[in-house]
$ cat query_35.tsv   # TSV, C-alpha atoms and all ligand atoms
chain	number	residue	atom	x	y	z
A	1	MET	CA	0.00	0.00	0.00
A	2	SER	CA	1.54	3.31	-1.00
A	3	VAL	CA	0.71	6.91	-0.10
A	4	ASP	CA	1.54	9.82	-2.41
A	5	PRO	CA	2.95	12.50	-0.09
A	6	VAL	CA	2.02	15.36	-2.43
A	7	ALA	CA	-1.58	14.19	-2.72
A	8	LEU	CA	-1.86	13.73	1.06
A	9	ALA	CA	-0.25	17.13	1.71
A	10	SER	CA	-2.78	18.67	-0.68
A	11	ARG	CA	-5.71	17.06	1.12
A	12	LEU	CA	-4.39	18.40	4.45
A	13	ILE	CA	-3.84	21.90	3.02
A	14	ALA	CA	-7.43	21.92	1.73
A	15	CYS	CA	-8.68	21.80	5.36
A	16	HIS	CA	-9.11	25.18	7.07
A	17	SER	CA	-7.08	24.58	10.22
A	18	ILE	CA	-6.09	28.02	11.50
A	19	THR	CA	-4.76	27.62	15.04
A	20	PRO	CA	-6.24	26.16	17.23
A	21	ALA	CA	-7.35	23.31	14.94
A	22	THR	CA	-9.89	20.52	15.36
A	23	GLY	CA	-11.93	18.19	13.17
A	24	GLU	CA	-11.59	17.83	9.43
A	25	VAL	CA	-7.80	18.06	9.12
A	26	PHE	CA	-7.50	15.29	11.74
A	27	ASP	CA	-10.13	13.21	9.88
A	28	VAL	CA	-7.90	13.34	6.79
A	29	LEU	CA	-4.83	12.24	8.74
A	30	GLU	CA	-6.70	9.46	10.53
A	31	GLN	CA	-8.07	8.17	7.21
A	32	ALA	CA	-4.50	7.98	5.88
A	33	LEU	CA	-3.09	6.23	8.97
A	34	VAL	CA	-5.71	3.56	9.71
A	35	PRO	CA	-5.17	1.56	6.46
A	36	LEU	CA	-1.43	1.50	7.28
A	37	GLY	CA	-2.11	-0.40	10.50
A	38	PHE	CA	-1.96	2.52	12.94
A	39	THR	CA	-4.19	2.68	16.00
A	40	VAL	CA	-5.38	6.27	16.22
A	41	HIS	CA	-6.40	8.10	19.40
A	42	ARG	CA	-7.94	11.57	19.13
A	43	MET	CA	-8.76	13.94	21.95
A	44	VAL	CA	-10.27	17.43	22.01
A	45	GLU	CA	-9.53	19.62	25.01
A	46	GLY	CA	-9.92	23.15	26.27
A	47	GLU	CA	-12.25	26.06	25.73
A	48	ALA	CA	-11.95	29.48	24.17
A	49	PRO	CA	-9.79	31.50	23.94
A	50	ASP	CA	-6.92	28.93	23.91
A	51	GLY	CA	-9.10	26.00	22.80
A	52	PRO	CA	-10.74	23.80	21.84
A	53	VAL	CA	-7.67	22.01	20.50
A	54	GLU	CA	-7.56	18.55	18.94
A	55	ASN	CA	-4.58	16.25	19.44
A	56	LEU	CA	-3.85	12.91	17.81
A	57	PHE	CA	-1.65	10.03	18.89
A	58	ALA	CA	-1.20	7.18	16.41
A	59	THR	CA	0.89	4.09	16.99
A	60	ARG	CA	1.90	0.94	15.14
A	61	GLY	CA	3.86	-2.06	16.40
A	62	SER	CA	4.84	-2.82	19.97
A	63	GLY	CA	7.80	-2.80	22.30
A	64	GLY	CA	11.14	-1.12	21.75
A	65	PRO	CA	12.78	0.64	20.18
A	66	HIS	CA	10.06	3.29	20.12
A	67	PHE	CA	10.46	6.02	17.50
A	68	GLY	CA	8.22	9.10	17.64
A	69	PHE	CA	7.43	11.69	14.98
A	70	ALA	CA	5.93	14.96	16.21
A	71	GLY	CA	4.23	17.77	14.36
A	72	HIS	CA	1.25	20.08	14.11
A	73	LEU	CA	-1.73	20.39	11.77
A	74	ASP	CA	-2.70	23.94	12.75
A	75	VAL	CA	-1.50	26.83	10.59
A	76	VAL	CA	-1.08	30.56	11.08
A	77	PRO	CA	-3.74	32.83	9.51
A	78	PRO	CA	-3.03	33.30	5.80
A	79	GLY	CA	-3.19	37.10	5.67
A	80	GLY	CA	-4.51	38.93	2.61
A	81	GLY	CA	-2.99	39.22	-0.86
A	82	TRP	CA	-2.19	35.63	-1.89
A	83	ARG	CA	-1.85	34.85	-5.60
A	84	THR	CA	-3.90	31.69	-5.03
A	85	ASP	CA	-6.48	30.70	-2.41
A	86	PRO	CA	-4.33	29.64	0.60
A	87	PHE	CA	-6.68	26.71	1.33
A	88	VAL	CA	-6.83	25.46	-2.26
A	89	PRO	CA	-3.60	23.49	-2.81
A	90	THR	CA	-2.16	24.58	-6.15
A	91	GLU	CA	0.71	22.96	-8.07
A	92	GLU	CA	2.59	25.37	-10.30
A	93	SER	CA	6.13	25.30	-11.74
A	94	GLY	CA	7.20	22.45	-9.47
A	95	LEU	CA	5.86	24.09	-6.32
A	96	LEU	CA	2.91	23.19	-4.09
A	97	TYR	CA	1.26	26.38	-2.85
A	98	GLY	CA	-1.00	26.66	0.19
A	99	ARG	CA	-0.99	27.62	3.88
A	100	GLY	CA	0.82	24.81	5.68
A	101	ALA	CA	2.69	23.57	2.58
A	102	VAL	CA	5.93	24.26	4.45
A	103	ASP	CA	4.86	24.64	8.09
A	104	MET	CA	4.12	21.76	8.31
A	105	LYS	CA	1.41	19.67	6.66
A	106	SER	CA	3.69	18.41	3.87
A	107	SER	CA	6.19	17.08	6.37
A	108	ILE	CA	3.48	15.07	8.15
A	109	ALA	CA	2.38	13.74	4.74
A	110	CYS	CA	6.01	12.75	4.01
A	111	PHE	CA	6.24	10.83	7.26
A	112	VAL	CA	2.96	9.00	6.62
A	113	ALA	CA	4.14	8.11	3.10
A	114	ALA	CA	7.45	6.87	4.55
A	115	CYS	CA	5.52	4.66	7.02
A	116	ALA	CA	3.53	3.25	4.09
A	117	GLU	CA	6.80	2.16	2.51
A	118	MET	CA	7.99	0.54	5.74
A	119	PRO	CA	5.11	-1.83	6.62
A	120	GLU	CA	7.48	-4.15	8.50
A	121	HIS	CA	9.66	-2.84	11.30
A	122	GLU	CA	10.84	-3.63	14.79
A	123	GLY	CA	9.44	-1.93	17.87
A	124	THR	CA	6.99	0.92	17.68
A	125	ILE	CA	6.38	3.97	15.48
A	126	SER	CA	4.19	6.75	16.91
A	127	LEU	CA	2.88	10.03	15.56
A	128	ILE	CA	2.38	12.80	18.11
A	129	ILE	CA	0.34	15.46	16.32
A	130	THR	CA	-1.19	18.58	17.84
A	131	GLY	CA	-3.70	21.17	16.65
A	132	ASP	CA	-2.01	23.98	18.56
A	133	GLU	CA	1.66	24.62	17.98
A	134	GLU	CA	1.24	28.07	16.45
A	135	GLY	CA	-0.95	29.41	19.29
A	136	PRO	CA	-0.46	29.45	23.05
A	137	ALA	CA	-0.10	25.61	23.06
A	138	THR	CA	-1.96	25.41	26.38
A	139	TYR	CA	-3.95	22.37	25.19
A	140	GLY	CA	-1.45	21.18	22.59
A	141	THR	CA	1.70	19.09	23.01
A	142	PRO	CA	1.79	19.47	26.84
A	143	LYS	CA	-1.61	17.70	26.96
A	144	LEU	CA	-0.39	14.99	24.59
A	145	ILE	CA	2.63	14.43	26.83
A	146	GLU	CA	0.32	14.11	29.85
A	147	TRP	CA	-1.86	11.67	27.95
A	148	MET	CA	1.16	9.56	26.97
A	149	ALA	CA	2.60	9.62	30.50
A	150	GLY	CA	-0.76	8.45	31.90
A	151	ARG	CA	-0.48	5.35	29.71
A	152	GLY	CA	3.20	4.72	30.28
A	153	ILE	CA	4.02	5.62	26.65
A	154	LYS	CA	7.58	6.89	26.28
A	155	PRO	CA	9.37	7.03	22.92
A	156	ASP	CA	13.15	6.57	22.95
A	157	MET	CA	13.67	9.40	20.48
A	158	ILE	CA	11.49	11.93	18.66
A	159	LEU	CA	11.93	13.63	15.31
A	160	ILE	CA	9.90	16.83	14.91
A	161	GLY	CA	9.14	17.58	11.27
A	162	GLU	CA	9.34	21.39	11.53
A	163	PRO	CA	10.79	23.16	8.47
A	164	THR	CA	14.41	23.61	9.56
A	165	SER	CA	16.23	23.58	6.22
A	166	GLU	CA	17.38	26.94	4.94
A	167	ASP	CA	19.18	27.19	1.58
A	168	ARG	CA	18.48	23.60	0.53
A	169	LEU	CA	16.78	20.52	1.89
A	170	GLY	CA	19.04	18.86	4.46
A	171	ASP	CA	21.37	21.73	5.31
A	172	ILE	CA	20.11	22.34	8.88
A	173	VAL	CA	19.01	20.01	11.69
A	174	LYS	CA	17.93	21.65	14.95
A	175	ILE	CA	19.29	19.97	18.06
A	176	GLY	CA	18.00	22.50	20.55
A	177	ARG	CA	16.39	25.88	20.78
A	178	ARG	CA	16.86	29.06	22.68
A	179	GLY	CA	14.37	29.93	25.38
A	180	SER	CA	12.13	32.99	25.18
A	181	VAL	CA	10.65	35.31	27.78
A	182	ASN	CA	8.52	38.45	27.34
A	183	MET	CA	8.44	41.10	30.06
A	184	TRP	CA	6.53	44.30	30.73
A	185	ILE	CA	8.02	46.77	33.20
A	186	THR	CA	5.68	49.41	34.61
A	187	VAL	CA	7.52	52.53	35.83
A	188	PRO	CA	5.41	54.49	38.33
A	189	GLY	CA	4.67	58.20	38.20
A	190	VAL	CA	2.01	60.69	39.19
A	191	GLN	CA	-0.15	62.21	36.47
A	192	GLY	CA	-0.46	65.98	36.31
A	193	HIS	CA	-0.52	69.21	34.29
A	194	VAL	CA	2.74	70.05	32.50
A	195	ALA	CA	2.43	73.61	33.80
A	196	TYR	CA	2.42	72.33	37.41
A	197	PRO	CA	5.22	69.72	37.39
A	198	HIS	CA	5.75	70.01	41.15
A	199	ARG	CA	2.33	68.37	41.58
A	200	ALA	CA	3.21	65.47	39.28
A	201	ASP	CA	5.94	62.85	39.02
A	202	ASN	CA	7.01	62.29	35.44
A	203	PRO	CA	7.76	58.59	34.77
A	204	ILE	CA	9.38	59.21	31.36
A	205	PRO	CA	12.93	60.15	32.53
A	206	LYS	CA	12.85	57.13	34.87
A	207	LEU	CA	11.60	54.97	31.99
A	208	ALA	CA	14.58	56.22	29.94
A	209	ALA	CA	16.92	55.26	32.81
A	210	VAL	CA	15.42	51.74	32.85
A	211	VAL	CA	15.93	51.41	29.09
A	212	THR	CA	19.54	52.58	29.37
A	213	ALA	CA	20.26	50.17	32.23
A	214	LEU	CA	18.69	47.23	30.38
A	215	ASP	CA	20.58	48.05	27.21
A	216	ALA	CA	23.89	48.01	29.13
A	217	LEU	CA	23.33	44.47	30.46
A	218	HIS	CA	25.65	41.75	29.21
A	219	LEU	CA	23.95	38.39	29.60
A	220	ASP	CA	26.62	35.91	28.46
A	221	ASP	CA	28.97	35.09	25.57
A	222	GLY	CA	27.12	32.00	24.38
A	223	ASN	CA	28.85	28.63	24.09
A	224	GLU	CA	29.74	26.04	21.50
A	225	GLN	CA	26.10	25.19	20.77
A	226	PHE	CA	24.39	28.52	21.35
A	227	GLN	CA	24.79	32.14	20.35
A	228	PRO	CA	24.87	34.73	23.19
A	229	SER	CA	21.58	35.41	24.97
A	230	ASN	CA	20.01	38.65	23.78
A	231	LEU	CA	17.66	41.19	25.31
A	232	GLU	CA	15.63	43.37	22.92
A	233	ILE	CA	13.42	46.23	24.02
A	234	THR	CA	10.37	45.96	21.79
A	235	ASP	CA	8.26	48.92	22.93
A	236	VAL	CA	8.19	51.90	25.26
A	237	ARG	CA	4.88	53.59	25.85
A	238	SER	CA	2.85	55.69	28.26
A	239	PRO	CA	-0.89	56.28	28.45
A	240	GLY	CA	-0.43	60.03	27.82
A	241	SER	CA	-1.40	61.51	24.48
A	242	ALA	CA	-2.36	65.10	25.28
A	243	THR	CA	0.54	67.55	24.98
A	244	ASN	CA	-0.20	69.17	28.35
A	245	VAL	CA	-0.40	66.02	30.50
A	246	ILE	CA	2.43	64.34	32.39
A	247	PRO	CA	1.51	60.63	32.17
A	248	GLY	CA	0.86	58.57	35.29
A	249	ASN	CA	3.14	55.69	34.34
A	250	GLY	CA	5.35	54.30	31.62
A	251	ILE	CA	5.77	50.80	30.24
A	252	VAL	CA	8.87	49.11	28.80
A	253	GLN	CA	8.23	45.90	26.86
A	254	LEU	CA	11.07	43.50	26.12
A	255	ASN	CA	11.91	40.00	24.92
A	256	ILE	CA	14.95	37.88	25.81
A	257	ARG	CA	16.01	34.95	23.62
A	258	PHE	CA	18.32	32.96	25.85
A	259	ASN	CA	20.68	30.02	25.69
A	260	ASN	CA	21.16	27.09	28.05
A	261	LEU	CA	23.43	29.14	30.32
A	262	GLN	CA	20.30	30.96	31.57
A	263	ARG	CA	16.98	30.09	33.15
A	264	GLY	CA	13.86	32.14	32.49
A	265	ALA	CA	13.14	32.79	36.19
A	266	ASP	CA	16.71	34.05	36.82
A	267	LEU	CA	16.39	36.49	33.90
A	268	VAL	CA	13.11	37.81	35.29
A	269	ALA	CA	14.78	38.35	38.70
A	270	MET	CA	17.69	40.14	37.03
A	271	VAL	CA	15.36	42.47	35.11
A	272	GLU	CA	13.43	43.14	38.34
A	273	ARG	CA	16.66	44.14	40.11
A	274	THR	CA	17.78	46.33	37.21
A	275	ALA	CA	14.42	48.11	36.99
A	276	GLU	CA	14.25	48.63	40.76
A	277	GLN	CA	17.71	50.23	40.76
A	278	ALA	CA	17.02	52.53	37.81
A	279	ALA	CA	13.44	53.40	38.81
A	280	PRO	CA	12.46	52.40	42.34
A	281	GLY	CA	8.92	51.09	42.61
A	282	SER	CA	8.90	49.55	39.13
A	283	THR	CA	6.96	46.32	38.72
A	284	VAL	CA	7.68	43.52	36.23
A	285	LYS	CA	5.19	41.16	34.61
A	286	ALA	CA	6.80	38.19	32.82
A	287	LEU	CA	5.71	35.38	30.54
A	288	ILE	CA	8.24	32.60	29.92
A	289	SER	CA	7.29	30.85	26.66
A	290	GLY	CA	9.98	28.21	26.94
A	291	GLU	CA	13.33	27.38	28.49
A	292	ALA	CA	16.38	26.73	26.34
A	293	PHE	CA	17.12	23.09	25.63
A	294	LEU	CA	19.79	21.01	23.96
A	295	THR	CA	19.50	17.37	22.96
A	296	PRO	CA	22.64	15.63	24.17
A	297	PRO	CA	24.63	13.82	21.47
A	298	GLY	CA	23.17	10.34	20.93
A	299	PRO	CA	21.82	7.91	18.30
A	300	ILE	CA	19.14	10.27	16.94
A	301	TYR	CA	21.85	12.71	15.73
A	302	GLU	CA	23.58	10.05	13.67
A	303	ILE	CA	20.39	8.44	12.33
A	304	VAL	CA	19.09	11.76	10.97
A	305	ARG	CA	22.48	12.96	9.74
A	306	ALA	CA	23.15	9.70	7.88
A	307	ALA	CA	19.66	9.64	6.32
A	308	ILE	CA	20.12	13.18	4.97
A	309	ALA	CA	23.67	12.59	3.73
A	310	GLU	CA	22.81	9.30	2.00
A	311	GLU	CA	19.74	10.73	0.28
A	312	THR	CA	20.97	14.20	-0.68
A	313	GLY	CA	24.77	14.26	-0.33
A	314	VAL	CA	24.34	17.21	2.05
A	315	GLU	CA	26.12	17.18	5.43
A	316	PRO	CA	23.67	18.95	7.74
A	317	ARG	CA	24.73	21.61	10.22
A	318	LEU	CA	23.48	20.99	13.76
A	319	SER	CA	21.97	24.27	14.92
A	320	THR	CA	20.12	25.88	17.82
A	321	HIS	CA	19.21	29.10	15.97
A	322	GLY	CA	15.75	30.36	15.18
A	323	GLY	CA	12.40	30.39	16.95
A	324	THR	CA	11.16	27.86	19.43
A	325	SER	CA	9.29	24.60	18.70
A	326	ASP	CA	7.34	21.98	20.65
A	327	GLY	CA	10.74	20.41	21.28
A	328	ARG	CA	10.71	22.68	24.36
A	329	PHE	CA	8.02	20.33	25.80
A	330	LEU	CA	9.04	17.02	24.21
A	331	ILE	CA	12.64	17.22	25.48
A	332	ALA	CA	11.18	16.26	28.88
A	333	VAL	CA	10.21	12.88	27.34
A	334	CYS	CA	13.35	11.87	25.39
A	335	PRO	CA	16.03	13.19	22.98
A	336	VAL	CA	14.47	15.38	20.28
A	337	VAL	CA	15.69	16.82	16.99
A	338	ASP	CA	13.84	18.92	14.41
A	339	PHE	CA	14.26	18.34	10.69
A	340	GLY	CA	12.11	19.22	7.71
A	341	LEU	CA	11.61	21.24	4.54
A	342	PRO	CA	13.30	24.53	3.54
A	343	ASN	CA	11.58	27.27	5.54
A	344	ALA	CA	11.92	30.38	3.34
A	345	THR	CA	8.16	30.91	2.89
A	346	MET	CA	6.81	29.72	6.25
A	347	HIS	CA	4.20	32.06	7.75
A	348	LYS	CA	4.42	34.22	4.59
A	349	LEU	CA	2.06	35.00	1.72
A	350	ASP	CA	2.26	32.42	-1.10
A	351	GLU	CA	3.78	29.73	1.18
A	352	ALA	CA	5.06	26.97	-1.11
A	353	ALA	CA	7.11	23.78	-0.95
A	354	ALA	CA	9.06	22.30	-3.86
A	355	ILE	CA	7.39	19.06	-4.96
A	356	GLU	CA	10.82	17.51	-5.48
A	357	ASP	CA	11.72	18.37	-1.86
A	358	ILE	CA	8.51	16.71	-0.61
A	359	ARG	CA	9.48	13.52	-2.47
A	360	THR	CA	13.08	13.66	-1.23
A	361	LEU	CA	12.00	14.34	2.37
A	362	THR	CA	9.79	11.23	2.19
A	363	ARG	CA	12.84	9.16	1.22
A	364	ILE	CA	14.91	10.75	4.03
A	365	TYR	CA	12.19	9.98	6.58
A	366	LYS	CA	12.06	6.39	5.30
A	367	ARG	CA	15.80	6.08	5.97
A	368	VAL	CA	15.31	7.61	9.43
A	369	ILE	CA	12.63	5.01	10.21
A	370	LYS	CA	14.96	2.28	8.95
A	371	GLY	CA	17.76	3.64	11.15
A	372	ALA	CA	15.52	3.89	14.21
A	373	VAL	CA	13.32	0.79	14.03
A	374	GLY	CA	14.32	-0.97	10.79
A	401	ZN	ZN	5.58	24.75	12.58
$ encode --input "query_35.tsv" --output "structure tokens"
Amino acid sequence: MSVDPVALASRLIACHSITPATGEVFDVLEQALVPLGFTVHRMVEGEAPDGPVENLFATRGSGGPHFGFAGHLDVVPPGGGWRTDPFVPTEESGLLYGRGAVDMKSSIACFVAACAEMPEHEGTISLIITGDEEGPATYGTPKLIEWMAGRGIKPDMILIGEPTSEDRLGDIVKIGRRGSVNMWITVPGVQGHVAYPHRADNPIPKLAAVVTALDALHLDDGNEQFQPSNLEITDVRSPGSATNVIPGNGIVQLNIRFNNLQRGADLVAMVERTAEQAAPGSTVKALISGEAFLTPPGPIYEIVRAAIAEETGVEPRLSTHGGTSDGRFLIAVCPVVDFGLPNATMHKLDEAAAIEDIRTLTRIYKRVIKGAVG
């Protein structure tokens, strides 16, 4: 029984699955997996605004070794101005256009097609697929991990099919990611009339002092696997808009992308200290979206590297650059690497994957399966 990865990717793209996703797009995946001998579990959890979210766990075989493939069927909103309808898969000049063609419905289709070509294997193959990777992920992969833990399901290694390649298919494998934290510092003041400054307390000069102090911070120099951690101030604002009003407070918004030398909570404490020194009475609100992680060297590195090199002749670079992925959650289960299609058009207008790359990625995934459970 064979599965055409381009046809399956097209059927998935045709489903409207803007994050958080449920329903039809999971029906399509289930219909592809069941004839291949997979047992499929689907669960819908959560309520608005972060839900409902559908998650799917599919498994074939039994015992070890246990190889997992993780991914997401939700997509980011298409935005206006596409050449084609983003939810009508369109093949043109060797490219498959549609929202999710790159990030990451095609990659899931490639993995399913690879499983179809490997009907016999040792151990277990599982697919760990969420409907909320692009959103807050409250009911996404963390819930799947809970579900698996409750049943004693623990893969030995997981490949996430996120689009990690850059200039050509196979050039980049992600072996970890930086962490990310957003913070909002409120600098206190007392609102008043500009003509009566003695009755007010202008927060803006203090806000400037906070910005200067934050900008002078040196977090670290990075290490062999990670670039230096970086703090970026992303907004400064105050509620004032009239020209004759001293505003009552000021807000500094910032993001830190950090490596595995830092922990989110320590960075929040450091920013709190810095703000308090520069502008006493400042308060900090923080949201840690993920800690940094690094998969220690092990068999998954070599299995993925060898599969790419044998199929494409490309020696991949092992990288920790770029945005975060659900690897931040899955690393708690087992070693995790991310590898998938070239990512140039992900989240953009006219998102498109090369049809040749989809076919090659299927062959690479087949070699990965062979290496892991063949
Ligand atoms: Zn993605």
$ atom_distance --input "query_35.tsv" --atom1 "CA of Ala70 in chain A" --atom2 "CA of Ala7 in chain A"
20.4 Å
$ residues_near_point --input "query_35.tsv" --point "(3.1, 25.3, -1.6)" --cutoff "6 Å" --atoms "all atoms listed in the file" --output "PyMOL selection string"
chain A and resi 95-98+101+351-353
$ residues_around --input "query_35.tsv" --residues "Pro77 in chain A" --least-positions-apart "6" --cutoff "12 Å" --atoms "all atoms listed in the file" --output "list of chain:residue names"
A:His16, A:Ser17, A:Ile18, A:Thr19, A:Pro20, A:Ala21, A:Pro86, A:Phe87, A:Gly98, A:Arg99, A:Gly100, A:Asp103, A:Glu134, A:Gly135, A:Met346, A:His347, A:Lys348, A:Leu349, A:Glu351
$ residues_near_ligand --input "query_35.tsv" --ligand "ligand ZN 401 (chain A)" --cutoff "8 Å" --atoms "only C-alpha atoms and all ligand atoms" --output "ChimeraX atom specification"
/A:71-72,75,103-104,133-134,162-163,325
$ atom_distance --input "query_35.tsv" --atom1 "CA of Val245 in chain A" --atom2 "CA of Pro205 in chain A"
14.7 Å
$ closest_residue --input "query_35.tsv" --among "A:Met183, A:Ile246, A:Val210, A:Leu56" --to "Ala265 in chain A" --atoms "all atoms listed in the file"
A:Met183
$ build_atoms --input "query_35.tsv" --residues "range 83-102 of chain A" --atoms "N, CA and C atoms" --output "PDB file, keeping the file's coordinate frame"
ATOM      1  N   ARG A  83      -1.599  35.026  -4.171  1.00  0.00           N
ATOM      2  CA  ARG A  83      -1.850  34.850  -5.600  1.00  0.00           C
ATOM      3  C   ARG A  83      -2.925  33.789  -5.815  1.00  0.00           C
ATOM      4  N   THR A  84      -2.906  32.766  -4.917  1.00  0.00           N
ATOM      5  CA  THR A  84      -3.900  31.690  -5.030  1.00  0.00           C
ATOM      6  C   THR A  84      -4.652  31.632  -3.709  1.00  0.00           C
ATOM      7  N   ASP A  85      -5.762  30.887  -3.672  1.00  0.00           N
ATOM      8  CA  ASP A  85      -6.480  30.700  -2.410  1.00  0.00           C
ATOM      9  C   ASP A  85      -5.593  29.855  -1.486  1.00  0.00           C
ATOM     10  N   PRO A  86      -5.257  30.362  -0.288  1.00  0.00           N
ATOM     11  CA  PRO A  86      -4.330  29.640   0.600  1.00  0.00           C
ATOM     12  C   PRO A  86      -4.832  28.271   1.038  1.00  0.00           C
ATOM     13  N   PHE A  87      -6.145  28.022   0.940  1.00  0.00           N
ATOM     14  CA  PHE A  87      -6.680  26.710   1.330  1.00  0.00           C
ATOM     15  C   PHE A  87      -7.118  25.886   0.114  1.00  0.00           C
ATOM     16  N   VAL A  88      -6.668  26.290  -1.057  1.00  0.00           N
ATOM     17  CA  VAL A  88      -6.830  25.460  -2.260  1.00  0.00           C
ATOM     18  C   VAL A  88      -5.418  25.102  -2.729  1.00  0.00           C
ATOM     19  N   PRO A  89      -4.960  23.862  -2.414  1.00  0.00           N
ATOM     20  CA  PRO A  89      -3.600  23.490  -2.810  1.00  0.00           C
ATOM     21  C   PRO A  89      -3.425  23.623  -4.312  1.00  0.00           C
ATOM     22  N   THR A  90      -2.353  24.291  -4.725  1.00  0.00           N
ATOM     23  CA  THR A  90      -2.160  24.580  -6.150  1.00  0.00           C
ATOM     24  C   THR A  90      -0.737  24.212  -6.548  1.00  0.00           C
ATOM     25  N   GLU A  91      -0.624  23.322  -7.558  1.00  0.00           N
ATOM     26  CA  GLU A  91       0.710  22.960  -8.070  1.00  0.00           C
ATOM     27  C   GLU A  91       1.027  23.836  -9.263  1.00  0.00           C
ATOM     28  N   GLU A  92       2.194  24.479  -9.214  1.00  0.00           N
ATOM     29  CA  GLU A  92       2.590  25.370 -10.300  1.00  0.00           C
ATOM     30  C   GLU A  92       4.105  25.425 -10.361  1.00  0.00           C
ATOM     31  N   SER A  93       4.676  25.220 -11.523  1.00  0.00           N
ATOM     32  CA  SER A  93       6.130  25.300 -11.740  1.00  0.00           C
ATOM     33  C   SER A  93       6.921  24.512 -10.695  1.00  0.00           C
ATOM     34  N   GLY A  94       6.451  23.307 -10.390  1.00  0.00           N
ATOM     35  CA  GLY A  94       7.200  22.450  -9.470  1.00  0.00           C
ATOM     36  C   GLY A  94       7.022  22.785  -8.006  1.00  0.00           C
ATOM     37  N   LEU A  95       6.098  23.713  -7.709  1.00  0.00           N
ATOM     38  CA  LEU A  95       5.860  24.090  -6.320  1.00  0.00           C
ATOM     39  C   LEU A  95       4.427  23.758  -5.921  1.00  0.00           C
ATOM     40  N   LEU A  96       4.252  23.391  -4.650  1.00  0.00           N
ATOM     41  CA  LEU A  96       2.910  23.190  -4.090  1.00  0.00           C
ATOM     42  C   LEU A  96       2.614  24.382  -3.189  1.00  0.00           C
ATOM     43  N   TYR A  97       1.625  25.189  -3.613  1.00  0.00           N
ATOM     44  CA  TYR A  97       1.260  26.380  -2.850  1.00  0.00           C
ATOM     45  C   TYR A  97       0.112  26.074  -1.899  1.00  0.00           C
ATOM     46  N   GLY A  98       0.113  26.747  -0.757  1.00  0.00           N
ATOM     47  CA  GLY A  98      -1.000  26.660   0.190  1.00  0.00           C
ATOM     48  C   GLY A  98      -0.494  26.895   1.596  1.00  0.00           C
ATOM     49  N   ARG A  99      -1.387  27.412   2.476  1.00  0.00           N
ATOM     50  CA  ARG A  99      -0.990  27.620   3.880  1.00  0.00           C
ATOM     51  C   ARG A  99      -0.740  26.264   4.520  1.00  0.00           C
ATOM     52  N   GLY A 100       0.450  26.085   5.076  1.00  0.00           N
ATOM     53  CA  GLY A 100       0.820  24.810   5.680  1.00  0.00           C
ATOM     54  C   GLY A 100       1.666  23.929   4.759  1.00  0.00           C
ATOM     55  N   ALA A 101       1.882  24.374   3.522  1.00  0.00           N
ATOM     56  CA  ALA A 101       2.690  23.570   2.580  1.00  0.00           C
ATOM     57  C   ALA A 101       4.078  23.342   3.153  1.00  0.00           C
ATOM     58  N   VAL A 102       4.605  24.357   3.851  1.00  0.00           N
ATOM     59  CA  VAL A 102       5.930  24.260   4.450  1.00  0.00           C
ATOM     60  C   VAL A 102       5.831  23.964   5.955  1.00  0.00           C
TER      61      VAL A 102
END
